[in-house]
Every structure is written in structure tokens, then in C-alpha cells.
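Here the structure comes first, spelled out in C-alpha cells, and everything after it is commentary.
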Amino acid sequence: MKLSVIGCGYLGAVHAAAMAELGHEVVGIDVDERKIESLSAGRAPFFEPGLPEILASASASGRLSFTTSMAAAAEATVHFVAVGTPQKAGSQSADLTYVDAAVEALLPVLKPGDLVVGKSTVPVGTAERLAARVREAVPGADLAWNPEFLREGFAVKDTISPDRLVYGLPRDEKGAAAAKAALDEVYATALAAGTPLVATDYATAELVKVSANAFLATKISFINAVSEITDLADAIGHDTRIGRRFLNAGVGFGGGCLPKDIRAFGARAEELGLGESLAFLREVDAVNLRRRQRVVDLIVGLLGGSVHRRRVAVLGLAFKPDSDDVRDSPALDVAVQLHGLGADVVATDPEAIENARGRHPQLHYVDDVATAVEGAEVVVLLTEWSEYRDLDPVQLAERVGSRIVVDGRNVLDSATWRAAGWVYRGMGRR
Ligand code: UGA
């Protein structure tokens, strides 16, 4: 099939490359010339495991191209909208400027029979509104909403082998059947592999996405709230009804999705007069943000009440491992707060330094752990990259000023660190 993917960020670039890898002919379109230049040269504009490989193989196959020109979408019959919906400045709501602009820009090249497919995370009611716009501007064209559940760090795998597919389809039977048939063809490989499919209406598809993220956020904040008393994730996680995944206590969730999605979900519910139903999400957010403050307070306490001119080594800046994304990153936030308190922060991360520096040039960044910890009075692990999990406390002890480690992700073996002479503090861990 001939597909266009509008928006080539963390979601769109992976979607475009993965669809080409699966045999479709794909054009990725973005207004950012630098991004398009990089993708056209086969270079991933951000760190995502597996993306360089599929970009290379899909580009070599001749099925994948990138451009800034919307005219290139004219060749395609299915058009994915994969632009960002960040939090609106000064508000809890989602900013739909980019989604609206993408659909408007697409309309002049849209043909009767084409299908616009929304992938961006949007407030309920958006698909209905955009579908009306598409049908009015191009009679015979239609719209579906197909939310994306990929996780950064696993984006390629999640796109090629999703754990479920959700289609939000038009209300009229004929339109729904045509849209479903087009999407079934797009996802033929995943469907043949038995991927569960939920075909539903627009509003449900929109809500499935934000509800899934809200549930995950709630699960994390639950364990973080309890870990203010003690960390018992392993004990309750053995209950298969609860499950151990997404029950890691630590410095909390961040990124470009969970934080802004729970806020937008709550804001939309309030607009619809249903604010009370989702009021608990405000507490989920508050528990999460409190984690960052707790780590800062813990470090201040460990250093005797002040971090002023005290050397603090920060390991990790990305919002999660295997990503260079620092959007709303708890790690970066903690580093910035400590710097604000006068600490001599030396921060490192395997992939996210460039992005962190772009946002916070005031911090001191170094390329490796050995340099970061040199003379440090406290070592703080904030993103659980595997190379940080595997650090040798005996070797590290030789470089630091004092053997104090704060494990902001509860991933270090406290007994081993203590045996090597370290004062170990985790999140709710003894
Ligand atoms: C999240 C969802 O997991 C995806 O399904 C969704 O498609 C995506 O948002 C999106 O809306 O686009 P992502 O933001 O990539 O994916 O990252 P997650 O793996 O969900 O992690 C989010 C945050 O939670 C990270 O900061 C992570 O460190 C934190 N986390 C995760 C915890 O603090 N504890 C855990 O147990 C798990």
C-alpha cells in the first residue's frame, strides 16, 4: 500500500520506517528540514534501538522516503497523522495546534477514497471534529483513529509486533467497513500473527489511549506513594492480578506522554462536566512530582543540610533508559533543582547529554561515569541504564570523595554496595 506519515518525531519516524519494513511504500513528511535531511540520509534524528537498522533496510529497498513537501502525500491513499500533542502553555489541556495544522495541510492533496488515520494522543471528541472537516473538504475521503501504544526504547518492536490494535471507525456502516478494510491491509502482518484487534468508535479509541496511560501512571504513583513508607513492590507484584510490571518505585514517571496525558485527560473530563470522575489523577500527578522533591531532600539531608558547593554526581538524564528523550525527565529535573540549590552538579548519560544541554546549558555535563564521580560527595542514580545498574561499587569507591549513593530507581543491590563501604539510600528501601 502507499502510505504517508505526517510528523516524523519519536512516533512518526518509527511508524514510517516500520511500515516500509513491512512492505508498504511510505513517505514520511515533516516541516522540520533538519529532521528530514537526517532521515533521508538514513540517520535516526534521535536515539531509538533498532531504528537505524530498519531505516537503512527500508531506505535501501526504495520503499521509504522523507520530504518536507506535503505534495508527496498525493501518491498515498492512507495518511497517518503522527504529530505531537504537547501540554498547552499555562494550561493542563493538550495543544492540538499541530494535529489541526497537519490535517489542514493534508486536505488540498487528499482524494476521494483516501483515509486519514490519526495516531496522535488526543482529547475525546477530536476525531469526530476532524472527520467532519475531512468529509466537508474532500467528499469521499474519510478518517479513522488508530492510537499508538509504542514505548520509547522498544518503539520498533512495539510497532512491528503491537500487543493490540485499536481502530476508531466512522459511525456509518459503509464508511466503517471501508476504513477497517484499509487498516486491515496496513496491519496485515500483525493481524496474521494473531494480534488482538478492537474495532470501535472514535471516542472509545481516543479514550483507550489516554486511559491506558492514566492506568500506568496510577500504578507507578501507587507504588511510589506506598514506598514513602516502604518498598514492597516485589511482595505485592507476585499477585498475578496485580503483576510486577510498572511497579518500580523510584523518582517517578516523566517523558512526553504520561505526565501530559493524565493532565489532558483530567482537563477534558472537566470540560465535559465529568471532572469528579478523574479527580484522582491530580493526586497521581502530585505523588509523582513529590518524588523529585524527595530525592532532592534526601540528598540535602545526607550532606548535612546543605548542598551548596558540594559535588554531586548525577547518573542519568533521560526520562527512562534506552532513550535520549529528556522531556519532563525526573532525572534532569532533580539535577536542575540541585544546581539551583548551589550544588556542584556533574551529570552524565549515555545518550541524552545533547538534549539535556539544549534545555539546561547551566549544568556541567561529562561523557562518562568515571569523570562524573571523581571526588563526588554523593552519587545519585536517576535513570536505570544497564551500565549504571552494573556499576562495580568497589571500583567506584576509589574515585569518589565520600561513599554515599542514592539509588533513585531502586535497581542497585544494596547489600553489595554496603559491603563495599557505601552508605546506600534507595526510595523507600532500607
Ligand atoms: C508510554 C506508554 O507506556 C506507551 O504505551 C505509550 O504509547 C506512550 O507512553 C505514548 O503515549 O506515546 P513511554 O513514555 O515511552 O510510553 O515510557 P514508559 O515505559 O511508559 O515509561 C514512562 C515513565 O514511567 C518513565 O519515566 C519510566 O521511568 C517511569 N516508570 C515506568 C516508573 O517510574 N516505574 C515503572 O515501574 C515503570
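If you're wondering about the labels, chains in the C-alpha cells are A, B, ... by order shown, residues count from 1 in each chain, ligands from 1 in order shown.
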Report the residues of segment 47-296 of chain A whose backbone DSSP state falls under strand (DSSP E or B), written as number ranges by chain. A: 64-67, 78-81, 87, 94, 115-118, 142-145, 165-169, 197-201
With only C-alpha atoms and all ligand atoms counted and 8 Å as the cut-off, give the residues of chain A in contact with ligand 1, each with its shortest interatomic distance in Å and the pair that gives it, as a tab-separated table.
residue	atom	partner	partner_atom_place_in_ligand_line	distance
A:Leu11	CA	ligand 1	12 (O)	7.2
A:Thr121	CA	ligand 1	11 (O)	6.7
A:Glu148	CA	ligand 1	7 (O)	5.3
A:Phe149	CA	ligand 1	7 (O)	3.1
A:Leu150	CA	ligand 1	7 (O)	4.0
A:Arg151	CA	ligand 1	15 (O)	3.5
A:Glu152	CA	ligand 1	15 (O)	3.7
A:Gly153	CA	ligand 1	15 (O)	6.8
A:Phe154	CA	ligand 1	15 (O)	7.9
A:Ala155	CA	ligand 1	15 (O)	7.8
A:Lys209	CA	ligand 1	11 (O)	7.3
A:Val210	CA	ligand 1	11 (O)	7.6
A:Ala212	CA	ligand 1	5 (O)	7.2
A:Asn213	CA	ligand 1	2 (C)	5.7
A:Leu216	CA	ligand 1	20 (O)	7.0
A:Ala217	CA	ligand 1	24 (O)	7.0
A:Lys219	CA	ligand 1	36 (O)	7.8
A:Ile220	CA	ligand 1	34 (N)	5.2
A:Arg245	CA	ligand 1	36 (O)	6.0
A:Phe246	CA	ligand 1	36 (O)	3.1
A:Leu247	CA	ligand 1	36 (O)	4.0
A:Asn248	CA	ligand 1	36 (O)	3.5
A:Ala249	CA	ligand 1	34 (N)	5.8
A:Gly250	CA	ligand 1	33 (O)	5.7
A:Val251	CA	ligand 1	33 (O)	6.4
A:Gly252	CA	ligand 1	33 (O)	4.1
A:Phe253	CA	ligand 1	24 (O)	3.6
A:Gly254	CA	ligand 1	26 (O)	4.0
A:Gly255	CA	ligand 1	14 (O)	5.2
A:Gly256	CA	ligand 1	14 (O)	6.1
A:Cys257	CA	ligand 1	11 (O)	4.5
A:Leu258	CA	ligand 1	9 (O)	5.6
A:Asp261	CA	ligand 1	11 (O)	7.4
A:Phe319	CA	ligand 1	26 (O)	4.5
A:Lys320	CA	ligand 1	28 (O)	4.4
A:Pro321	CA	ligand 1	28 (O)	7.4
A:Ser329	CA	ligand 1	26 (O)	6.7
A:Pro330	CA	ligand 1	26 (O)	7.1
A:Thr383	CA	ligand 1	28 (O)	7.1
A:Glu384	CA	ligand 1	28 (O)	8.0
A:Arg409	CA	ligand 1	33 (O)	7.6
Emit the selected residues as a compact mmCIF listing (two decimals), in the first residue's frame, including N, CA and C atoms.
# COMPACT_ATOMS: atom_id res chain seq x y z
N LEU A 11 7.33 9.11 17.33
CA LEU A 11 6.27 8.21 16.85
C LEU A 11 6.31 8.03 15.34
N THR A 121 -2.07 11.24 20.32
CA THR A 121 -2.93 11.11 21.51
C THR A 121 -3.72 12.40 21.65
N GLU A 148 -1.65 4.88 19.18
CA GLU A 148 -0.37 4.17 19.20
C GLU A 148 0.03 3.88 20.64
N PHE A 149 0.52 2.68 20.89
CA PHE A 149 0.88 2.31 22.27
C PHE A 149 2.37 2.05 22.42
N LEU A 150 3.17 2.46 21.42
CA LEU A 150 4.59 2.12 21.50
C LEU A 150 5.27 2.81 22.68
N ARG A 151 6.27 2.13 23.21
CA ARG A 151 7.10 2.68 24.28
C ARG A 151 8.43 3.10 23.70
N GLU A 152 8.93 4.26 24.08
CA GLU A 152 10.26 4.63 23.64
C GLU A 152 11.24 3.60 24.19
N GLY A 153 12.25 3.31 23.42
CA GLY A 153 13.20 2.27 23.83
C GLY A 153 12.83 0.90 23.26
N PHE A 154 11.52 0.72 22.98
CA PHE A 154 11.03 -0.53 22.38
C PHE A 154 10.15 -0.21 21.17
N ALA A 155 10.32 0.99 20.64
CA ALA A 155 9.36 1.51 19.66
C ALA A 155 9.29 0.65 18.39
N LYS A 209 -6.58 5.08 24.60
CA LYS A 209 -5.19 5.52 24.69
C LYS A 209 -4.91 6.28 25.98
N VAL A 210 -5.70 7.30 26.26
CA VAL A 210 -5.42 8.09 27.47
C VAL A 210 -5.68 7.28 28.73
N ALA A 212 -5.19 4.03 29.08
CA ALA A 212 -4.05 3.12 29.27
C ALA A 212 -2.90 3.87 29.94
N ASN A 213 -2.60 5.07 29.43
CA ASN A 213 -1.51 5.84 30.03
C ASN A 213 -1.86 6.27 31.46
N LEU A 216 -1.32 3.27 33.77
CA LEU A 216 0.11 3.03 34.03
C LEU A 216 0.65 4.08 35.01
N ALA A 217 0.26 5.33 34.80
CA ALA A 217 0.72 6.40 35.69
C ALA A 217 0.22 6.15 37.11
N LYS A 219 -0.55 3.28 38.47
CA LYS A 219 0.15 2.13 39.04
C LYS A 219 1.51 2.58 39.60
N ILE A 220 2.21 3.40 38.83
CA ILE A 220 3.53 3.88 39.29
C ILE A 220 3.36 4.77 40.52
N ARG A 245 5.05 -5.70 36.74
CA ARG A 245 5.48 -4.68 35.78
C ARG A 245 4.86 -3.32 36.10
N PHE A 246 5.63 -2.26 35.83
CA PHE A 246 5.19 -0.89 36.12
C PHE A 246 4.90 -0.67 37.61
N LEU A 247 5.68 -1.40 38.41
CA LEU A 247 5.53 -1.28 39.86
C LEU A 247 6.90 -0.95 40.46
N ASN A 248 7.74 -0.30 39.64
CA ASN A 248 9.07 0.06 40.15
C ASN A 248 9.02 1.42 40.81
N ALA A 249 9.25 1.40 42.13
CA ALA A 249 9.30 2.68 42.85
C ALA A 249 10.58 3.41 42.46
N GLY A 250 10.54 4.71 42.54
CA GLY A 250 11.71 5.49 42.18
C GLY A 250 11.39 6.96 42.10
N VAL A 251 12.12 7.62 41.23
CA VAL A 251 11.98 9.07 41.13
C VAL A 251 10.74 9.47 40.30
N GLY A 252 10.03 8.46 39.81
CA GLY A 252 8.73 8.72 39.19
C GLY A 252 8.75 8.74 37.67
N PHE A 253 7.56 8.95 37.11
CA PHE A 253 7.44 8.92 35.64
C PHE A 253 7.63 10.30 35.04
N GLY A 254 8.12 10.28 33.81
CA GLY A 254 8.30 11.52 33.05
C GLY A 254 8.09 11.22 31.58
N GLY A 255 8.70 12.02 30.72
CA GLY A 255 8.58 11.80 29.29
C GLY A 255 7.53 12.69 28.65
N GLY A 256 7.38 12.49 27.35
CA GLY A 256 6.46 13.33 26.59
C GLY A 256 5.03 12.82 26.60
N CYS A 257 4.75 11.74 27.37
CA CYS A 257 3.41 11.14 27.30
C CYS A 257 2.67 11.09 28.63
N LEU A 258 3.13 10.24 29.55
CA LEU A 258 2.35 10.01 30.78
C LEU A 258 1.98 11.31 31.51
N ASP A 261 -0.44 13.46 29.41
CA ASP A 261 -1.69 12.76 29.08
C ASP A 261 -2.64 12.71 30.28
N PHE A 319 14.51 10.43 30.50
CA PHE A 319 13.35 10.11 31.36
C PHE A 319 13.24 8.62 31.61
N LYS A 320 13.93 7.81 30.81
CA LYS A 320 13.98 6.36 31.00
C LYS A 320 15.20 5.84 30.25
N PRO A 321 15.65 4.62 30.55
CA PRO A 321 16.80 4.10 29.82
C PRO A 321 16.48 3.81 28.35
N SER A 329 11.77 15.05 32.17
CA SER A 329 12.54 13.97 32.79
C SER A 329 12.76 14.22 34.28
N PRO A 330 12.36 13.26 35.13
CA PRO A 330 12.60 13.43 36.56
C PRO A 330 14.09 13.60 36.85
N THR A 383 18.49 7.46 36.23
CA THR A 383 17.93 6.73 35.06
C THR A 383 18.63 5.38 35.04
N GLU A 384 17.83 4.31 35.01
CA GLU A 384 18.42 2.98 35.24
C GLU A 384 18.99 2.33 33.97
N ARG A 409 16.23 4.79 41.51
CA ARG A 409 15.40 3.84 40.75
C ARG A 409 15.35 2.47 41.42
Shell around Gly275 of chain A at 12 Å using only C-alpha atoms, local window under 6 positions removed, as a list in words: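 Near Gly275 of chain A, the qualifying residues are Arg263, Ala264, Phe265, Gly266, Ala267, Arg268, Ala269, Leu281 and Arg282 of chain A.
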Could you give me, as a PyMOL selection string, each residue of segment 139-381 of chain A that DSSP assigns to alpha helix (DSSP H) when run on this structure's backbone? chain A and resi 155-160+173-186+188-192+202-226+233-237+258-271+280-302+330-340+353-359+369-373
Counting only C-alpha atoms, what is within 12 Å of segment 225-231 of chain A, bar same-chain residues fewer than 2 positions away, as number ranges by chain? A: 217-223, 233-237, 247-252, 283-291, 294-295, 298, 408-410, 426-430
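Here the question is which of A:Ala74, A:Glu25, A:Ala199, A:Arg43 gets nearest to Gly62 of chain A using only C-alpha atoms, and that residue is A:Glu25.
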Nearby residues (only C-alpha atoms) at most 6 Å from Val334 of chain A, same-chain spacing under 3 positions excluded, as number ranges by chain: A: 292, 331, 337
Grab the residues selected above and save them as an mmCIF file, in the first residue's frame with N, CA and C atoms.
data_model
loop_
_atom_site.group_PDB
_atom_site.id
_atom_site.type_symbol
_atom_site.label_atom_id
_atom_site.label_comp_id
_atom_site.auth_asym_id
_atom_site.auth_seq_id
_atom_site.Cartn_x
_atom_site.Cartn_y
_atom_site.Cartn_z
ATOM 1 N N ARG A 292 10.376 13.770 43.029
ATOM 2 C CA ARG A 292 11.575 14.530 42.642
ATOM 3 C C ARG A 292 12.074 15.328 43.851
ATOM 4 N N ALA A 331 14.938 12.867 36.128
ATOM 5 C CA ALA A 331 16.381 12.914 36.366
ATOM 6 C C ALA A 331 16.917 14.330 36.121
ATOM 7 N N GLN A 337 17.314 21.072 39.999
ATOM 8 C CA GLN A 337 16.971 21.551 41.352
ATOM 9 C C GLN A 337 18.211 21.613 42.241
#
Name the residues in contact with Ala335 of chain A at a cut-off of 9 Å, using only C-alpha atoms, excluding same-chain residues fewer than 6 positions from it; report them as a list in words. Val296, Val312, Val314, Leu317, Val345, Val346, Ala347 and Leu363 of chain A
If we count only C-alpha atoms and set the cut-off at 10 Å, which residues sit around Arg63 of chain A, ignoring sequence neighbours fewer than 3 positions away in its own chain? Please answer as JSON, numbers by chain. {"A": [2, 17, 19, 20, 21, 22, 23, 24, 25, 26, 27, 57, 58, 59, 60]}
For the residues in that selection, give me N, CA and C atoms as an mmCIF file, in the first residue's frame.
data_model
loop_
_atom_site.group_PDB
_atom_site.id
_atom_site.type_symbol
_atom_site.label_atom_id
_atom_site.label_comp_id
_atom_site.auth_asym_id
_atom_site.auth_seq_id
_atom_site.Cartn_x
_atom_site.Cartn_y
_atom_site.Cartn_z
ATOM 1 N N LYS A 2 0.298 2.338 -0.489
ATOM 2 C CA LYS A 2 1.056 3.593 -0.451
ATOM 3 C C LYS A 2 0.566 4.420 0.728
ATOM 4 N N ALA A 17 9.217 4.062 9.119
ATOM 5 C CA ALA A 17 10.241 3.064 8.800
ATOM 6 C C ALA A 17 9.689 1.645 8.986
ATOM 7 N N MET A 19 6.546 0.604 8.787
ATOM 8 C CA MET A 19 5.569 0.270 7.738
ATOM 9 C C MET A 19 6.280 -0.086 6.429
ATOM 10 N N ALA A 20 7.367 0.641 6.126
ATOM 11 C CA ALA A 20 8.143 0.322 4.913
ATOM 12 C C ALA A 20 8.814 -1.035 5.073
ATOM 13 N N GLU A 21 9.301 -1.298 6.268
ATOM 14 C CA GLU A 21 9.947 -2.579 6.556
ATOM 15 C C GLU A 21 8.944 -3.728 6.331
ATOM 16 N N LEU A 22 7.665 -3.442 6.610
ATOM 17 C CA LEU A 22 6.631 -4.479 6.453
ATOM 18 C C LEU A 22 6.159 -4.599 4.998
ATOM 19 N N GLY A 23 6.718 -3.792 4.103
ATOM 20 C CA GLY A 23 6.411 -3.965 2.670
ATOM 21 C C GLY A 23 5.610 -2.848 2.038
ATOM 22 N N HIS A 24 5.178 -1.845 2.830
ATOM 23 C CA HIS A 24 4.426 -0.739 2.244
ATOM 24 C C HIS A 24 5.377 0.291 1.633
ATOM 25 N N GLU A 25 4.788 1.106 0.743
ATOM 26 C CA GLU A 25 5.574 2.198 0.164
ATOM 27 C C GLU A 25 5.225 3.447 0.968
ATOM 28 N N VAL A 26 6.212 4.030 1.618
ATOM 29 C CA VAL A 26 5.903 5.072 2.613
ATOM 30 C C VAL A 26 6.662 6.360 2.350
ATOM 31 N N VAL A 27 5.948 7.487 2.481
ATOM 32 C CA VAL A 27 6.647 8.769 2.500
ATOM 33 C C VAL A 27 6.403 9.413 3.868
ATOM 34 N N SER A 57 17.517 -0.530 6.070
ATOM 35 C CA SER A 57 16.994 -1.567 5.178
ATOM 36 C C SER A 57 15.779 -1.083 4.402
ATOM 37 N N ALA A 58 14.923 -0.270 5.039
ATOM 38 C CA ALA A 58 13.742 0.216 4.313
ATOM 39 C C ALA A 58 14.153 1.218 3.230
ATOM 40 N N SER A 59 15.139 2.073 3.542
ATOM 41 C CA SER A 59 15.587 3.039 2.530
ATOM 42 C C SER A 59 16.220 2.301 1.354
ATOM 43 N N ALA A 60 17.022 1.274 1.663
ATOM 44 C CA ALA A 60 17.686 0.513 0.597
ATOM 45 C C ALA A 60 16.664 -0.181 -0.306
#
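Among the candidate residues A:Thr371, A:Thr195, A:Thr126, A:Ser386, the one lying nearest to Asp158 of chain A is A:Thr195, with distances computed using only C-alpha atoms.
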Go ahead and compute the interatomic distance for atom CA of Val380 of chain A and atom CA of Arg244 of chain A, in Å to one decimal.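 Separation between atom CA of Val380 of chain A and atom CA of Arg244 of chain A: 24.5 Å.
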With only C-alpha atoms as the basis for distance, which of A:Val373, A:Cys8, A:Leu110, A:Ala18 is at the shortest distance from Ile36 of chain A?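 Closest to Ile36 of chain A of all the choices is A:Cys8.
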When distances are computed from only C-alpha atoms, which of A:Ser120, A:Thr348, A:Thr189, A:Thr159 shows the smallest separation from Gly50 of chain A?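 Going through A:Ser120, A:Thr348, A:Thr189, A:Thr159 one by one, the smallest distance to Gly50 of chain A is for A:Thr159.
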From the list A:His360, A:Lys111, A:Lys119, A:Arg34, which residue is nearest Val5 of chain A when using only C-alpha atoms? A:Lys119
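Using only C-alpha atoms, the smallest distance between any of A:Leu381, A:Ala176, A:Leu115, A:Ala192 and Ile299 of chain A comes from A:Leu381.
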